file my_file_21.txt (compact mmCIF, C-alpha atoms and all ligand atoms)
# COMPACT_ATOMS: atom_id res chain seq x y z
CA MET A 241 -88.13 39.21 -15.47
CA SER A 242 -85.28 36.65 -15.76
CA HIS A 243 -85.03 33.75 -13.28
CA SER A 244 -82.10 35.35 -11.50
CA ASP A 245 -83.92 38.71 -11.29
CA SER A 246 -86.93 37.06 -9.72
CA GLU A 247 -84.60 35.17 -7.39
CA SER A 248 -82.98 38.42 -6.22
CA ALA A 249 -86.36 40.11 -5.87
CA TYR A 250 -87.59 37.23 -3.72
CA PHE A 251 -84.54 37.01 -1.48
CA ASN A 252 -84.35 40.79 -1.09
CA ASN A 253 -87.92 40.81 0.10
CA TYR A 254 -87.20 38.65 3.14
CA PRO A 255 -84.59 38.64 5.88
CA PRO A 256 -82.66 35.35 6.01
CA PRO A 257 -83.67 32.96 8.79
CA LYS A 258 -81.86 33.65 12.07
CA ALA A 259 -80.49 30.09 12.18
CA LEU A 260 -78.98 30.26 8.68
CA PRO A 261 -75.36 31.01 9.74
CA LYS A 262 -75.46 28.20 12.31
CA HIS A 263 -76.93 25.78 9.76
CA GLU A 264 -74.32 26.83 7.22
CA SER A 265 -71.47 26.09 9.55
CA LEU A 266 -72.97 22.67 10.50
CA ALA A 267 -73.53 21.85 6.83
CA LYS A 268 -70.02 22.87 5.80
CA SER A 269 -68.32 20.62 8.32
CA PHE A 270 -70.72 17.72 7.59
CA ILE A 271 -70.10 18.03 3.84
CA GLU A 272 -66.34 18.38 4.25
CA TYR A 273 -66.28 15.19 6.35
CA HIS A 274 -68.06 13.24 3.61
CA VAL A 275 -66.09 14.79 0.76
CA GLU A 276 -62.94 13.51 2.46
CA ALA A 277 -64.45 10.04 2.68
CA ASP A 278 -65.48 10.27 -1.01
CA ARG A 279 -69.00 9.37 0.11
CA ARG A 280 -72.19 10.17 -1.76
CA LEU A 281 -74.45 12.69 -0.08
CA VAL A 282 -78.13 13.34 -0.65
CA LEU A 283 -80.09 16.42 0.31
CA VAL A 284 -83.60 15.22 1.12
CA THR A 285 -86.24 17.94 1.47
CA SER A 286 -89.31 16.95 3.40
CA GLY A 287 -92.66 18.19 4.67
CA GLY A 288 -94.83 21.18 3.90
CA THR A 289 -94.00 24.88 4.00
CA THR A 290 -96.05 27.54 5.74
CA VAL A 291 -97.06 30.86 4.18
CA PRO A 292 -97.46 33.41 6.97
CA LEU A 293 -100.34 35.89 6.72
CA GLU A 294 -98.89 38.29 9.27
CA ASN A 295 -95.35 39.38 9.99
CA GLN A 296 -95.86 38.60 13.67
CA THR A 297 -97.38 35.35 12.62
CA VAL A 298 -100.56 34.07 14.20
CA ARG A 299 -102.10 32.58 11.07
CA PHE A 300 -100.57 30.88 8.10
CA ILE A 301 -101.48 28.78 5.07
CA ASP A 302 -100.17 25.24 5.19
CA ASN A 303 -100.47 21.99 3.27
CA PHE A 304 -101.10 18.33 3.98
CA SER A 305 -97.55 16.95 3.88
CA ALA A 306 -96.49 15.10 7.03
CA GLY A 307 -93.01 14.37 5.72
CA THR A 308 -93.54 10.62 5.43
CA ARG A 309 -91.96 10.39 1.98
CA GLY A 310 -88.89 12.38 2.99
CA ALA A 311 -88.29 10.71 6.37
CA THR A 312 -88.78 7.21 4.97
CA SER A 313 -86.59 7.90 1.94
CA ALA A 314 -83.82 9.26 4.15
CA GLU A 315 -83.66 5.92 5.99
CA TYR A 316 -83.32 3.96 2.73
CA PHE A 317 -80.62 6.34 1.49
CA LEU A 318 -78.71 5.77 4.71
CA GLU A 319 -79.08 2.03 4.19
CA GLN A 320 -77.52 2.49 0.75
CA GLY A 321 -74.45 4.13 2.30
CA TYR A 322 -75.34 7.76 1.56
CA ALA A 323 -74.84 10.59 4.00
CA VAL A 324 -78.08 12.54 4.33
CA ILE A 325 -78.86 16.19 4.94
CA PHE A 326 -82.48 16.18 5.96
CA LEU A 327 -84.01 19.62 5.31
CA HIS A 328 -87.39 19.26 6.95
CA ARG A 329 -90.36 21.19 8.12
CA GLN A 330 -89.99 21.57 11.87
CA PHE A 331 -92.13 19.00 13.78
CA SER A 332 -92.76 16.89 10.69
CA LEU A 333 -91.68 13.25 10.68
CA LEU A 334 -87.99 12.43 11.17
CA PRO A 335 -86.02 9.39 10.02
CA TYR A 336 -86.21 6.56 12.57
CA SER A 337 -88.26 8.38 15.21
CA ARG A 338 -91.10 8.47 12.64
CA HIS A 339 -91.86 4.85 13.56
CA TYR A 340 -92.94 5.94 17.02
CA SER A 341 -94.15 9.50 16.68
CA HIS A 342 -97.47 11.17 15.84
CA SER A 343 -100.81 9.80 16.79
CA THR A 344 -100.98 6.66 14.63
CA ASN A 345 -98.29 4.96 16.74
CA CYS A 346 -98.14 6.50 20.17
CA PHE A 347 -94.69 5.56 21.51
CA LEU A 348 -96.13 4.93 24.98
CA ASP A 349 -98.04 1.94 23.61
CA PHE A 350 -94.73 0.25 22.88
CA MET A 351 -93.67 0.31 26.52
CA ASP A 352 -94.51 -1.27 29.82
CA GLU A 353 -93.30 -0.98 33.37
CA GLY A 354 -91.37 -4.09 34.40
CA PRO A 355 -91.62 -5.72 37.85
CA PRO A 356 -90.23 -3.61 40.72
CA ASN A 357 -86.51 -3.75 41.16
CA ASP A 358 -86.04 -4.94 44.75
CA SER A 359 -82.42 -3.88 45.04
CA ASN A 360 -83.23 -0.18 45.45
CA ASN A 361 -86.54 -0.71 47.25
CA SER A 362 -88.17 2.10 45.29
CA GLY A 363 -91.20 0.05 44.36
CA HIS A 364 -90.73 1.19 40.75
CA GLY A 365 -89.99 -1.17 37.89
CA PRO A 366 -87.77 -0.26 34.92
CA ILE A 367 -89.47 0.94 31.75
CA VAL A 368 -89.18 -1.78 29.12
CA VAL A 369 -90.17 -2.24 25.49
CA ARG A 370 -93.03 -4.73 25.18
CA ASN A 371 -91.99 -8.18 24.01
CA GLU A 372 -93.78 -8.07 20.68
CA TYR A 373 -91.93 -4.89 19.65
CA GLN A 374 -88.42 -5.87 20.79
CA THR A 375 -87.11 -7.03 17.41
CA GLU A 376 -88.52 -4.16 15.41
CA MET A 377 -87.48 -1.50 17.89
CA ARG A 378 -83.99 -2.93 18.28
CA ASP A 379 -83.59 -2.81 14.52
CA VAL A 380 -84.71 0.81 14.30
CA LEU A 381 -82.62 1.80 17.32
CA ARG A 382 -79.46 0.20 15.91
CA LYS A 383 -79.86 1.96 12.58
CA TYR A 384 -80.52 5.27 14.30
CA LYS A 385 -77.47 4.91 16.55
CA TYR A 386 -75.30 3.88 13.61
CA ALA A 387 -76.34 6.98 11.65
CA LYS A 388 -75.71 9.22 14.65
CA GLN A 389 -72.41 7.73 15.77
CA ASN A 390 -71.02 7.74 12.25
CA ASN A 391 -72.11 11.28 11.47
CA ARG A 392 -74.29 10.18 8.55
CA LEU A 393 -77.36 12.32 9.20
CA LEU A 394 -77.69 16.08 9.55
CA LEU A 395 -81.10 17.49 10.46
CA ILE A 396 -81.88 21.04 9.35
CA PRO A 397 -85.34 22.44 10.19
CA TYR A 398 -87.38 25.21 8.50
CA THR A 399 -90.95 26.40 8.85
CA THR A 400 -91.93 28.98 6.24
CA VAL A 401 -91.53 28.85 2.48
CA SER A 402 -88.96 31.65 2.57
CA GLU A 403 -86.91 29.85 5.23
CA TYR A 404 -87.02 26.73 3.05
CA LEU A 405 -85.71 28.63 0.04
CA PHE A 406 -82.90 30.36 1.93
CA GLU A 407 -81.81 27.03 3.40
CA LEU A 408 -82.06 25.21 0.05
CA ARG A 409 -79.89 27.82 -1.67
CA MET A 410 -77.32 27.81 1.13
CA LEU A 411 -77.11 23.99 1.26
CA ALA A 412 -76.89 23.58 -2.53
CA LYS A 413 -74.01 26.06 -2.68
CA CYS A 414 -72.22 24.37 0.23
CA MET A 415 -72.55 21.04 -1.61
CA LYS A 416 -70.41 22.24 -4.56
CA PRO A 417 -67.28 20.32 -3.45
CA LEU A 418 -69.22 17.05 -3.72
CA GLY A 419 -69.52 17.31 -7.50
CA PRO A 420 -71.28 14.24 -8.96
CA ASN A 421 -71.48 12.58 -5.53
CA ALA A 422 -74.26 15.04 -4.69
CA LEU A 423 -77.90 14.11 -5.10
CA PHE A 424 -80.93 16.37 -4.60
CA TYR A 425 -84.18 14.64 -3.66
CA LEU A 426 -86.83 17.33 -3.47
CA ALA A 427 -89.77 15.68 -1.77
CA ALA A 428 -90.96 18.71 0.23
CA ALA A 429 -94.35 20.13 -0.69
CA VAL A 430 -93.31 23.72 -1.37
CA SER A 431 -95.93 26.43 -1.60
CA ASP A 432 -96.38 28.05 -4.99
CA PHE A 433 -97.84 31.23 -3.48
CA PHE A 434 -96.83 33.75 -0.85
CA ILE A 435 -97.61 37.25 0.42
CA PRO A 436 -94.80 39.71 -0.32
CA ARG A 437 -93.57 41.41 2.80
CA ASP A 438 -94.62 44.88 1.68
CA ARG A 439 -98.23 43.70 1.54
CA MET A 440 -98.16 41.69 4.73
CA ALA A 441 -99.89 42.88 7.89
CA GLU A 442 -97.52 43.46 10.79
CA HIS A 443 -99.99 42.41 13.48
CA LYS A 444 -102.67 39.78 13.84
CA ILE A 445 -105.37 40.24 11.20
CA GLN A 446 -108.53 41.42 12.92
CA SER A 447 -111.90 39.89 12.16
CA SER A 448 -113.80 42.94 13.40
CA GLU A 449 -113.27 46.67 12.95
CA ILE A 450 -110.71 48.45 15.16
CA PRO A 451 -111.08 52.20 15.84
CA PRO A 452 -108.58 54.23 13.78
CA GLU A 453 -106.68 55.46 16.87
CA PHE A 454 -105.53 51.87 17.52
CA SER A 455 -104.21 51.24 14.07
CA ASN A 456 -100.95 52.35 12.45
CA GLU A 457 -101.72 50.56 9.23
CA GLU A 458 -102.95 52.16 6.04
CA ALA A 459 -106.40 51.40 4.72
CA VAL A 460 -106.28 48.91 1.90
CA GLY A 461 -108.66 47.70 -0.74
CA SER A 462 -112.42 47.52 -0.77
CA ASP A 463 -114.93 45.76 1.42
CA ASP A 464 -113.93 42.36 0.15
CA ILE A 465 -110.24 42.69 -0.46
CA TYR A 466 -108.58 42.67 2.89
CA THR A 467 -104.98 41.74 3.29
CA GLY A 468 -104.68 42.60 6.91
CA GLY A 469 -104.42 46.39 6.90
CA PHE A 470 -107.00 48.54 8.62
CA GLU A 471 -110.04 49.52 6.54
CA ARG A 472 -112.00 52.62 7.45
CA LYS A 473 -115.36 51.47 6.07
CA GLN A 474 -117.69 49.92 8.60
CA PRO A 475 -118.33 46.27 7.89
CA THR A 476 -121.92 45.55 6.94
CA SER A 477 -121.76 42.03 8.36
CA SER A 478 -118.91 39.77 9.47
CA LYS A 479 -115.89 40.47 7.37
CA LYS A 480 -114.59 38.28 4.61
CA LEU A 481 -110.88 37.78 4.37
CA VAL A 482 -109.69 37.82 0.77
CA ILE A 483 -106.01 37.06 0.50
CA ASN A 484 -104.04 38.19 -2.49
CA LEU A 485 -101.06 35.89 -3.05
CA ASP A 486 -98.16 36.26 -5.48
CA PRO A 487 -96.50 33.29 -7.18
CA VAL A 488 -93.28 32.05 -5.59
CA PRO A 489 -90.65 31.94 -8.35
CA LYS A 490 -89.84 28.36 -9.38
CA PHE A 491 -86.48 27.77 -7.78
CA LEU A 492 -85.74 24.60 -9.67
CA HIS A 493 -84.36 26.77 -12.48
CA GLN A 494 -81.84 28.34 -10.16
CA LEU A 495 -80.96 25.05 -8.54
CA VAL A 496 -80.29 23.39 -11.89
CA ASP A 497 -78.49 26.32 -13.51
CA GLY A 498 -76.52 27.81 -10.68
CA TRP A 499 -76.68 26.62 -7.11
CA SER A 500 -76.03 22.89 -7.50
CA PRO A 501 -72.62 21.21 -7.93
CA GLU A 502 -71.44 20.33 -11.41
CA GLY A 503 -72.39 16.77 -12.33
CA SER A 504 -74.86 16.39 -9.46
CA MET A 505 -78.19 14.64 -9.89
CA ILE A 506 -81.44 16.51 -9.32
CA VAL A 507 -84.67 14.67 -8.62
CA SER A 508 -87.89 16.61 -8.15
CA PHE A 509 -91.37 15.37 -7.27
CA LYS A 510 -94.63 16.23 -8.98
CA LEU A 511 -97.81 15.90 -7.01
CA GLU A 512 -101.21 15.85 -8.70
CA THR A 513 -104.71 14.79 -7.76
CA ASP A 514 -106.08 14.21 -11.29
CA PRO A 515 -104.82 10.91 -12.82
CA ASN A 516 -105.25 12.37 -16.32
CA LEU A 517 -102.73 15.11 -15.62
CA LEU A 518 -99.98 13.39 -13.69
CA VAL A 519 -97.65 12.12 -16.42
CA TYR A 520 -98.18 15.19 -18.60
CA LYS A 521 -97.30 17.53 -15.72
CA ALA A 522 -94.25 15.48 -14.76
CA GLN A 523 -93.00 15.51 -18.38
CA THR A 524 -93.59 19.25 -18.63
CA ALA A 525 -91.58 19.85 -15.45
CA LEU A 526 -88.72 17.74 -16.77
CA GLN A 527 -88.62 19.68 -20.04
CA ARG A 528 -88.94 23.05 -18.33
CA TYR A 529 -86.16 22.60 -15.79
CA ALA A 530 -83.95 20.18 -17.75
CA HIS A 531 -82.94 18.16 -14.71
CA HIS A 532 -82.65 14.39 -14.38
CA LEU A 533 -85.76 12.81 -12.96
CA VAL A 534 -89.27 13.73 -11.95
CA VAL A 535 -91.01 11.34 -9.61
CA GLY A 536 -94.73 11.74 -10.20
CA ASN A 537 -97.27 10.79 -7.58
CA LEU A 538 -101.00 11.11 -6.98
CA LEU A 539 -102.19 12.29 -3.59
CA SER A 540 -104.53 9.29 -3.28
CA THR A 541 -102.06 6.55 -4.30
CA ARG A 542 -98.70 8.00 -3.30
CA LYS A 543 -97.96 5.27 -0.78
CA TRP A 544 -98.35 2.48 -3.37
CA GLU A 545 -97.25 3.80 -6.76
CA VAL A 546 -95.05 6.47 -8.36
CA VAL A 547 -93.88 7.10 -11.89
CA PHE A 548 -90.26 7.86 -12.84
CA VAL A 549 -90.19 10.32 -15.74
CA THR A 550 -86.72 10.61 -17.29
CA PRO A 551 -85.20 12.37 -20.33
CA GLU A 552 -83.85 9.01 -21.58
CA ALA A 553 -85.57 5.72 -22.36
CA PRO A 554 -87.75 4.26 -20.92
CA TYR A 555 -88.98 7.88 -20.34
CA GLU A 556 -91.80 6.69 -18.10
CA ARG A 557 -91.57 3.85 -15.62
CA TRP A 558 -94.04 2.87 -12.94
CA ILE A 559 -92.96 1.56 -9.56
CA ARG A 560 -95.63 -0.16 -7.50
CA VAL A 561 -95.91 -1.99 -4.23
CA PRO A 562 -97.32 -5.44 -5.01
CA LYS A 563 -100.95 -5.69 -4.00
CA SER A 564 -100.35 -8.25 -1.28
CA ARG A 565 -97.77 -5.98 0.37
CA ARG A 566 -99.71 -2.71 0.42
CA SER A 567 -100.21 -0.93 3.71
CA LYS A 568 -103.65 0.31 4.59
CA SER A 569 -104.04 4.07 4.37
CA ILE A 570 -107.04 6.02 5.62
CA SER A 571 -106.29 8.98 3.38
CA GLY A 572 -105.41 6.90 0.30
CA ASP A 573 -107.69 5.25 -2.25
CA GLU A 574 -106.37 1.92 -3.48
CA ASP A 575 -108.97 1.75 -6.26
CA GLN A 576 -107.10 4.57 -7.95
CA VAL A 577 -103.85 2.63 -8.33
CA GLY A 578 -103.17 2.20 -12.05
CA LEU A 579 -105.58 4.94 -13.16
CA ALA A 580 -102.91 7.48 -14.10
CA GLU A 581 -101.02 4.94 -16.18
CA ALA A 582 -104.22 3.80 -17.88
CA ALA A 583 -105.16 7.44 -18.58
CA LYS A 584 -101.75 8.03 -20.18
CA ARG A 585 -102.08 4.96 -22.42
CA GLN A 586 -105.60 5.98 -23.36
CA SER A 587 -104.38 9.45 -24.38
CA GLU A 588 -101.66 7.92 -26.58
CA HIS A 589 -103.90 5.23 -28.17
CA PRO A 590 -107.48 6.40 -27.84
CA ALA A 591 -108.78 3.50 -29.98
CA VAL A 592 -107.42 0.91 -27.58
CA ALA A 593 -109.41 0.36 -24.44
CA ALA A 594 -107.38 1.20 -21.36
CA THR A 595 -105.90 -1.95 -19.93
CA ASP A 596 -105.62 -2.57 -16.27
CA ALA A 597 -102.20 -1.28 -15.34
CA GLU A 598 -102.74 -2.29 -11.79
CA GLU A 599 -100.31 -5.16 -11.23
CA PRO A 600 -97.18 -5.19 -13.37
CA PRO A 601 -94.47 -7.73 -12.53
CA GLN A 602 -92.24 -6.60 -9.70
CA ASP A 603 -88.88 -7.77 -8.53
CA GLY A 604 -89.13 -9.55 -5.22
CA ASP A 605 -91.85 -8.94 -2.75
CA GLY A 606 -90.63 -6.03 -0.75
CA HIS A 607 -88.16 -7.53 1.67
CA PHE A 608 -87.59 -4.06 3.08
CA GLY A 609 -90.74 -3.38 4.96
CA SER A 610 -92.44 -2.37 8.10
CA ARG A 611 -95.14 -3.70 10.38
CA GLU A 612 -97.61 -2.26 7.89
CA GLY A 613 -96.35 -3.73 4.61
CA THR A 614 -93.76 -2.71 2.05
CA GLU A 615 -92.84 0.93 1.97
CA ILE A 616 -92.69 2.21 -1.58
CA GLU A 617 -89.51 4.13 -0.73
CA SER A 618 -87.77 0.76 -0.32
CA LEU A 619 -88.38 0.27 -4.05
CA ILE A 620 -87.78 3.88 -5.14
CA ILE A 621 -84.40 4.46 -3.50
CA PRO A 622 -82.46 1.46 -4.91
CA GLU A 623 -83.69 2.36 -8.41
CA LEU A 624 -82.62 5.93 -7.91
CA VAL A 625 -79.23 4.89 -6.62
CA LYS A 626 -78.70 2.90 -9.84
CA LEU A 627 -79.49 6.00 -11.89
CA HIS A 628 -77.15 8.08 -9.75
CA SER A 629 -74.36 5.50 -10.20
CA LYS A 630 -74.79 5.68 -13.98
CA MET A 631 -74.56 9.46 -13.88
CA ILE A 632 -71.42 9.36 -11.76
CA ASP A 633 -69.77 6.86 -14.16
CA LYS A 634 -70.71 9.01 -17.14
CA PHE A 635 -69.29 12.10 -15.45
CA HIS A 636 -65.95 10.40 -14.79
CA GLN A 637 -65.74 9.08 -18.36
CA GLN A 638 -66.04 12.59 -19.81
O1 LIG B 701 -95.00 14.12 3.01
P1 LIG B 701 -95.97 13.10 2.48
O2 LIG B 701 -97.29 13.20 3.19
O3 LIG B 701 -95.38 11.72 2.52
O4 LIG B 701 -96.25 13.47 0.95
C1 LIG B 701 -95.23 13.34 0.02
C2 LIG B 701 -95.42 14.33 -1.14
C3 LIG B 701 -96.71 13.99 -1.87
C4 LIG B 701 -95.47 15.76 -0.61
C5 LIG B 701 -94.18 14.16 -2.08
O5 LIG B 701 -94.16 12.85 -2.58
C6 LIG B 701 -94.24 15.15 -3.25
O6 LIG B 701 -94.86 14.92 -4.27
N1 LIG B 701 -93.58 16.33 -3.08
C7 LIG B 701 -93.58 17.43 -4.06
C8 LIG B 701 -94.90 18.15 -4.00
C9 LIG B 701 -94.85 19.42 -4.81
O7 LIG B 701 -94.46 20.43 -4.33
O8 LIG B 701 -95.21 19.30 -6.06
P2 LIG B 701 -95.37 20.58 -7.01
O9 LIG B 701 -96.00 20.05 -8.21
O10 LIG B 701 -96.08 21.70 -6.31
O11 LIG B 701 -93.89 21.08 -7.29
C10 LIG B 701 -93.06 20.38 -8.16
C11 LIG B 701 -91.60 20.71 -7.89
O12 LIG B 701 -91.34 22.11 -8.04
C12 LIG B 701 -91.15 20.30 -6.50
O13 LIG B 701 -90.03 19.43 -6.61
C13 LIG B 701 -90.71 21.59 -5.83
O14 LIG B 701 -89.49 21.43 -5.10
C14 LIG B 701 -90.51 22.55 -7.00
N2 LIG B 701 -90.93 23.90 -6.64
C15 LIG B 701 -92.12 24.10 -6.04
C16 LIG B 701 -92.50 25.38 -5.71
C17 LIG B 701 -91.60 26.44 -6.00
N3 LIG B 701 -91.92 27.68 -5.70
N4 LIG B 701 -90.43 26.21 -6.58
C18 LIG B 701 -90.08 24.95 -6.92
O15 LIG B 701 -89.01 24.76 -7.48
call {"tool": "encode", "arguments": {"input": "my_file_21.txt", "output": "structure tokens", "more": "lines below"}}
Ligand code: PMT
result
Amino acid sequence: MSHSDSESAYFNNYPPPKALPKHESLAKSFIEYHVEADRRLVLVTSGGTTVPLENQTVRFIDNFSAGTRGATSAEYFLEQGYAVIFLHRQFSLLPYSRHYSHSTNCFLDFMDEGPPNDSNNSGHGPIVVRNEYQTEMRDVLRKYKYAKQNNRLLLIPYTTVSEYLFELRMLAKCMKPLGPNALFYLAAAVSDFFIPRDRMAEHKIQSSEIPPEFSNEEAVGSDDIYTGGFERKQPTSSKKLVINLDPVPKFLHQLVDGWSPEGSMIVSFKLETDPNLLVYKAQTALQRYAHHLVVGNLLSTRKWEVVFVTPEAPYERWIRVPKSRRSKSISGDEDQVGLAEAAKRQSEHPAVAATDAEEPPQDGDGHFGSREGTEIESLIIPELVKLHSKMIDKFHQQ
């Protein structure tokens, strides 16, 4: 099946999200506004995607992504003068509010009640930001207000993998008038598997047998293979649920070859957990889709290092937060920083012992930062902007 056949098969299998027409009209006017200003615009995708197991969805498969990469990157793009369409998983982190949302930083801890205001005799004091957070919060608030008042940020939510794909296709097509000023930054963690609608249970999957008179669904499969339909055989013990997933077609092909504007830059991410595989998989993705940059990252070190894999020299370039500026991360493993680069060198020169790739020289010491150290996105985005500028210049010279 060709890429466009599998695209049609996928999109025909699902109804478009209800909000798609509304999102399209918001996107069109946002894009038009920035085309007129000759401003660069980046589509940042962010967060996980869900894979529903039932049509009336009670259960779904999900992944780990909180949307930190996307939300943080969006802020640095805005700082670089880009307009941002932020296509994000609903309830994942958002630019600016991310500093005060989710359990690590409960926003209530940043506030206090001031002394009672005697003029209205209510006995209540005004809610104030605690002294130690004034500077940081003012800074975040100003940037947020600037983005809002100047129409620089458009938030578009999705939940499921199919909603994500419908929205991505719609937005990419709407971005056509931007030409080379368009940038795609695909940081969302998109599911590779889904259940086609014709195999999906309509109602909540039952964990125990239901008498036939209550079920409209056809019996499916054997004792073990249960995709949600009613099975006539009595269970011998508690039932296993074996889910049969199909691959989601790789939409990067379609984005590169059809949906995206001519001359635009496309950046995808490659996530791996095995340091030995990371660079190889990023290079393979770049060759397969023939786009412009793959940013490779390991799950355990993603907050401190990434690798830029490009079709032109230097082909592979590591970006790292200097050791002294690294944030602490409960889920990360700092001992793994440098392992993927060392593994790559080892595979190229097996006779040479792997050197410690841990601390290459870095420009500056992360002057863009947060309470918790330098954010790697503050290093990634300026580098990316330079690459985008080169591409734009090249396009105009043609
Ligand atoms: O949100 P955080 O917690 O901060 O985590 C950030 C991150 C680790 C999720 C992010 O940095 C990242 O790596 N995102 C991409 C993860 C991913 O989907 O990798 P992948 O190897 O499965 O896919 C590679 C590329 O193929 C992606 O750019 C994706 O857009 C694309 N893809 C994926 C599935 C699919 N069906 N079609 C696609 O085109």
call {"tool": "closest_residue", "arguments": {"input": "my_file_21.txt", "among": "A:Leu511, A:Leu619, A:Leu495, A:Leu408", "to": "Leu539 in chain A", "atoms": "only C-alpha atoms"}}
result
A:Leu511
call {"tool": "residues_near_ligand", "arguments": {"input": "my_file_21.txt", "ligand": "ligand LIG 701 (chain B)", "cutoff": "9 Å", "atoms": "only C-alpha atoms and all ligand atoms", "output": "VMD selection string"}}
result
chain A and resid 285 to 288 303 to 312 332 to 333 401 405 425 to 433 487 to 495 507 to 512 521 to 522 525 534 to 539 542 to 543 546
call {"tool": "atom_distance", "arguments": {"input": "my_file_21.txt", "atom1": "CA of Glu502 in chain A", "atom2": "CA of Asn421 in chain A"}}
result
9.7 Å
call {"tool": "residues_around", "arguments": {"input": "my_file_21.txt", "residues": "Pro292 in chain A", "least_positions_apart": "2", "cutoff": "12 Å", "atoms": "all atoms listed in the file", "output": "PyMOL selection string"}}
result
chain A and resi 289-290+294-302+399-403+431+433-437+439-445+467-468+483+485
call {"tool": "atom_distance", "arguments": {"input": "my_file_21.txt", "atom1": "CA of Thr513 in chain A", "atom2": "CA of Ser313 in chain A"}}
result
21.7 Å
call {"tool": "residues_near_point", "arguments": {"input": "my_file_21.txt", "point": "(-85.3, 17.7, 6.2)", "cutoff": "7 Å", "atoms": "all atoms listed in the file", "output": "number ranges by chain"}}
result
A: 284-286, 325-329, 395-397
call {"tool": "atom_distance", "arguments": {"input": "my_file_21.txt", "atom1": "CA of Leu579 in chain A", "atom2": "CA of Met505 in chain A"}}
result
29.2 Å
call {"tool": "residues_around", "arguments": {"input": "my_file_21.txt", "residues": "range 558-566 of chain A", "least_positions_apart": "5", "cutoff": "6 Å", "atoms": "only C-alpha atoms", "output": "PyMOL selection string"}}
result
chain A and resi 544-547+613-614+616
call {"tool": "residues_near_point", "arguments": {"input": "my_file_21.txt", "point": "(-92.8, -4.3, 38.1)", "cutoff": "8 Å", "atoms": "all atoms listed in the file", "output": "PyMOL selection string"}}
result
chain A and resi 353-357+363-366
call {"tool": "closest_residue", "arguments": {"input": "my_file_21.txt", "among": "A:Ser362, A:Leu418, A:Tyr340, A:Met241", "to": "Tyr273 in chain A", "atoms": "all atoms listed in the file"}}
result
A:Leu418
